[in-house]
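This report concerns only the one structure given below.
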Amino acid sequence: MKAYVIQGGFGLDYVAQVEREIPTPGRKEVLIKMKAASLNSRDLGVIKGYYDPNLRMPLIPVSDGVGEVVALGPDATKFRLGERVAGIFTQSWISGDPSRGNWDTTLGSPLDGMLAEYAVLSEEGLVRVPEHLSDAEAASLPCAGVTAWHAIVEEGRVKAGDIVVVQGTGGVSLFALQFAKLQGARVIVTSSSDDKLERAKELGADYGIQYKKNPNWEQAVLEYTDGRGADHIVDLGGNTTLNKSIAALRVGGQISIVGVLSGFSVEGLNLVPAILRRARLQAINVGSRSMFEDMNTAIAHNRMRPVVDRIYPFSDAVLALKHLEESSHFGKIAIAF
């Protein structure tokens, strides 16, 4: 089979296609013939060595993918041949609260990821995907979809009438927009692009803020909410956005910290506004298999379709990663096998 691996160093120049034997499933394991994968910013972080400078190499990158069950190991009974499945990001996080040990079982580092023509996973680390979705759409669910579901539904408990702020128009952000609208919320989207804001409104966004033209976007949120502030903010920026998110929050509101696009630390974090607003800051690290299954039920019931920006052939996987690096996408970038 063909697979991509990180080997010899960090960076996209060290992602190479190799030939490997098709793996054999062991006890309670499943062999999957991959149909599509999708990309997340974490994948670039792994490839560039930001997450683990001592990364075990060679490593198959990319955490998200969907495929068809083509072989079952001994005692594997949860799935049938021919079913379409996706791997959960944290293979050992089934339900409830995670433990530190769970983080040793994440796909795409430290475990091999999904950028290969075949993959073997434990049957406990798989879920069925909604039938109405294309392969590319289904491949977008494991990280971006579950992260947004965790933030909006599981932890955020967003309800009808709430005001939700979503930063940007990448995969997590658009999932958060869609899930918030399913809950009956009003949604404000921030973006540096007027065109992307218009496209977000077509998906249901109620209000858009172009933050390059309006860098004090937190004031625009307060104006939109008559000074009250947002009930829930999905913060993807981290360093450059968290203080603004706190300033835009209502008293007792919640911020879901789901990204670090502008840095892994927050300089000059002002605690006084957070205290005055009784801000609840909840870090989100994707989610459990149980969350994934609940999300899939909601997606299937509402016939919701994830937003896919572009689909690359498997042979152009590195080009797809370069497209992700440019940060010009709207929704998810997928790779078709």
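Chain lettering (A, B, ...) mirrors the order of the structure tokens, residue numbering begins at 1 for each chain separately, and ligand numbering begins at 1 in order of display.
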Margin query: For the structure I just gave you, how does DSSP split stretch 42-273 of chain A - specifically, which residues are alpha helix (DSSP H)? Reply as a ChimeraX atom specification.
Written below: /A:42-47,135-139,146-149,171-182,194-202,217-224,242-247,271-273
Which residues of stretch 28-131 of chain A come within 10 Å of stretch 153-171 of chain A, and what is each one's closest atom pair and distance in Å (one decimal), counting only C-alpha atoms, sorted by chain and residue number, as a tab-separated table?
residue	atom	partner	partner_atom	distance
A:Ser38	CA	A:Gly171	CA	9.8
A:Leu39	CA	A:Gly171	CA	9.1
A:Asn40	CA	A:Gly171	CA	7.9
A:Ser41	CA	A:Gly170	CA	9.6
Write a file of the just-selected residues containing N, CA and C atoms, as a PDB file, in the first residue's frame.
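File result-v1.pdb, as written:
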ATOM      1  N   SER A  38      -9.156  14.193   6.019  1.00  0.00           N
ATOM      2  CA  SER A  38      -9.274  15.654   6.055  1.00  0.00           C
ATOM      3  C   SER A  38      -8.194  16.213   6.967  1.00  0.00           C
ATOM      4  N   LEU A  39      -7.866  17.479   6.758  1.00  0.00           N
ATOM      5  CA  LEU A  39      -6.720  18.096   7.413  1.00  0.00           C
ATOM      6  C   LEU A  39      -7.137  19.050   8.522  1.00  0.00           C
ATOM      7  N   ASN A  40      -6.298  19.101   9.542  1.00  0.00           N
ATOM      8  CA  ASN A  40      -6.482  20.020  10.662  1.00  0.00           C
ATOM      9  C   ASN A  40      -5.170  20.767  10.917  1.00  0.00           C
ATOM     10  N   SER A  41      -5.259  21.922  11.572  1.00  0.00           N
ATOM     11  CA  SER A  41      -4.049  22.691  11.867  1.00  0.00           C
ATOM     12  C   SER A  41      -3.087  21.878  12.724  1.00  0.00           C
TER      13      SER A  41
END
Next item on the list: Would you mind writing down, as number ranges by chain, each residue of stretch 104-199 of chain A that DSSP on the backbone assigns to strand (DSSP E or B)?
Entry: A: 106-107, 111, 116, 118-122, 126-128, 163-167, 170, 186-191
Same residues, N, CA and C atoms, saved as an mmCIF file, in the first residue's frame:
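Written out: again-v8.cif:
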data_model
loop_
_atom_site.group_PDB
_atom_site.id
_atom_site.type_symbol
_atom_site.label_atom_id
_atom_site.label_comp_id
_atom_site.auth_asym_id
_atom_site.auth_seq_id
_atom_site.Cartn_x
_atom_site.Cartn_y
_atom_site.Cartn_z
ATOM 1 N N THR A 106 -3.661 9.323 20.659
ATOM 2 C CA THR A 106 -4.253 10.174 19.624
ATOM 3 C C THR A 106 -3.673 9.836 18.258
ATOM 4 N N LEU A 107 -4.539 9.814 17.252
ATOM 5 C CA LEU A 107 -4.128 9.485 15.888
ATOM 6 C C LEU A 107 -3.329 10.634 15.270
ATOM 7 N N LEU A 111 0.277 8.082 17.834
ATOM 8 C CA LEU A 111 -0.057 6.923 17.004
ATOM 9 C C LEU A 111 0.003 7.303 15.532
ATOM 10 N N ALA A 116 -2.766 6.938 4.714
ATOM 11 C CA ALA A 116 -2.304 5.691 4.106
ATOM 12 C C ALA A 116 -3.502 5.005 3.484
ATOM 13 N N TYR A 118 -4.473 1.986 3.694
ATOM 14 C CA TYR A 118 -5.133 1.080 4.640
ATOM 15 C C TYR A 118 -4.711 1.451 6.057
ATOM 16 N N ALA A 119 -5.591 1.182 7.008
ATOM 17 C CA ALA A 119 -5.269 1.428 8.411
ATOM 18 C C ALA A 119 -5.926 0.348 9.260
ATOM 19 N N VAL A 120 -5.266 -0.027 10.345
ATOM 20 C CA VAL A 120 -5.836 -0.951 11.322
ATOM 21 C C VAL A 120 -6.075 -0.195 12.623
ATOM 22 N N LEU A 121 -7.323 -0.290 13.131
ATOM 23 C CA LEU A 121 -7.666 0.343 14.399
ATOM 24 C C LEU A 121 -8.472 -0.628 15.246
ATOM 25 N N SER A 122 -8.431 -0.408 16.549
ATOM 26 C CA SER A 122 -9.288 -1.173 17.441
ATOM 27 C C SER A 122 -10.750 -0.872 17.117
ATOM 28 N N LEU A 126 -13.617 3.175 16.733
ATOM 29 C CA LEU A 126 -14.288 3.479 15.471
ATOM 30 C C LEU A 126 -15.747 3.831 15.693
ATOM 31 N N VAL A 127 -16.299 4.631 14.784
ATOM 32 C CA VAL A 127 -17.735 4.918 14.770
ATOM 33 C C VAL A 127 -18.241 4.831 13.340
ATOM 34 N N ARG A 128 -19.510 4.487 13.191
ATOM 35 C CA ARG A 128 -20.169 4.576 11.885
ATOM 36 C C ARG A 128 -20.448 6.035 11.580
ATOM 37 N N ILE A 163 -26.496 33.968 22.190
ATOM 38 C CA ILE A 163 -25.653 34.604 21.182
ATOM 39 C C ILE A 163 -24.271 33.986 21.271
ATOM 40 N N VAL A 164 -23.826 33.431 20.149
ATOM 41 C CA VAL A 164 -22.552 32.722 20.066
ATOM 42 C C VAL A 164 -21.637 33.470 19.104
ATOM 43 N N VAL A 165 -20.387 33.674 19.519
ATOM 44 C CA VAL A 165 -19.375 34.264 18.638
ATOM 45 C C VAL A 165 -18.430 33.168 18.187
ATOM 46 N N VAL A 166 -18.208 33.093 16.880
ATOM 47 C CA VAL A 166 -17.316 32.097 16.286
ATOM 48 C C VAL A 166 -16.211 32.837 15.552
ATOM 49 N N GLN A 167 -14.960 32.499 15.854
ATOM 50 C CA GLN A 167 -13.822 33.181 15.241
ATOM 51 C C GLN A 167 -13.346 32.425 14.005
ATOM 52 N N GLY A 170 -12.714 28.448 9.405
ATOM 53 C CA GLY A 170 -12.119 27.136 9.167
ATOM 54 C C GLY A 170 -13.081 26.039 9.577
ATOM 55 N N ARG A 186 -28.324 32.614 17.980
ATOM 56 C CA ARG A 186 -27.886 33.624 17.026
ATOM 57 C C ARG A 186 -26.366 33.601 17.007
ATOM 58 N N VAL A 187 -25.774 33.736 15.817
ATOM 59 C CA VAL A 187 -24.331 33.536 15.683
ATOM 60 C C VAL A 187 -23.674 34.746 15.018
ATOM 61 N N ILE A 188 -22.601 35.197 15.643
ATOM 62 C CA ILE A 188 -21.740 36.243 15.098
ATOM 63 C C ILE A 188 -20.443 35.585 14.637
ATOM 64 N N VAL A 189 -20.025 35.847 13.416
ATOM 65 C CA VAL A 189 -18.787 35.285 12.878
ATOM 66 C C VAL A 189 -17.791 36.413 12.639
ATOM 67 N N THR A 190 -16.537 36.208 13.044
ATOM 68 C CA THR A 190 -15.477 37.155 12.722
ATOM 69 C C THR A 190 -14.588 36.558 11.637
ATOM 70 N N SER A 191 -14.094 37.415 10.749
ATOM 71 C CA SER A 191 -13.218 36.966 9.669
ATOM 72 C C SER A 191 -12.467 38.162 9.117
#
Checklist line | Option closest in space to A:Ala279, from A:Val251, A:Thr297, A:Asn239, A:His232 [counting only C-alpha atoms] | finding: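 Looking at the shortest contact to A:Ala279, the residue is A:Val251.
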Margin query: Under the rule that only C-alpha atoms are counted, which of A:Ala71, A:Ala144, A:Val62, A:Leu81 is the nearest residue to A:Phe292?
Written below: A:Ala144
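Between A:Thr147 and the candidates A:Tyr4, A:Phe89, A:Tyr211, A:Trp217, the tightest atom-to-atom separation, counting only C-alpha atoms, involves A:Phe89.
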Notebook entry, point to check: Separation of atom CA of A:Arg250 and atom CA of A:Asp231, in Å?
Noted result: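 Here the two named atoms are 5.8 Å from each other.
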Checklist line | Polymer residues at most 7 Å from A:Asn102, only C-alpha atoms, same-chain spacing of 3 or more positions, as a list in words | finding: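 Here the qualifying residues turn out to be Thr90, Ser92, Trp93, Pro98, Ser99 and Thr105 of chain A.
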Check: Contacts of A:Val234 at 9 Å or less, counting only C-alpha atoms, minus same-chain residues fewer than 5 places along, as a PyMOL selection string?
Finding: chain A and resi 148+151-152+164-167+173+176+245+254-259
Item checked: Pick from A:Met304, A:Ala334, A:Ala86, A:Ala180, whichever lies nearest to A:Pro142 using only C-alpha atoms ->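 Once distances to A:Pro142 are computed over only C-alpha atoms, the minimum belongs to A:Ala86.
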Margin query: As an exercise, work out the distance from atom CA of A:Gly49 to atom CA of A:Gln7 in Å and give it to one decimal place.
Written below: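 Separation of atom CA of A:Gly49 and atom CA of A:Gln7: 11.5 Å.
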Note to self: Need to verify the contact set: A:Cys143, 9 Å, only C-alpha atoms, exclusion of same-chain residues closer than 6 positions in sequence. Can you return it as a PyMOL selection string?
What the structure shows: chain A and resi 40+63-64+88-89+172+285-287
Checklist line | Residue nearest A:Glu68 among A:Glu29, A:Asp316, A:Glu21, A:Glu83 (counting only C-alpha atoms) | finding: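 Result for the nearest residue to A:Glu68: A:Glu83.
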Notebook entry, point to check: atom CA of A:Gly253 and atom CA of A:Ile233 are how many Å apart?
Noted result: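 Atom CA of A:Ile233 lies at a distance of 8.3 Å from atom CA of A:Gly253.
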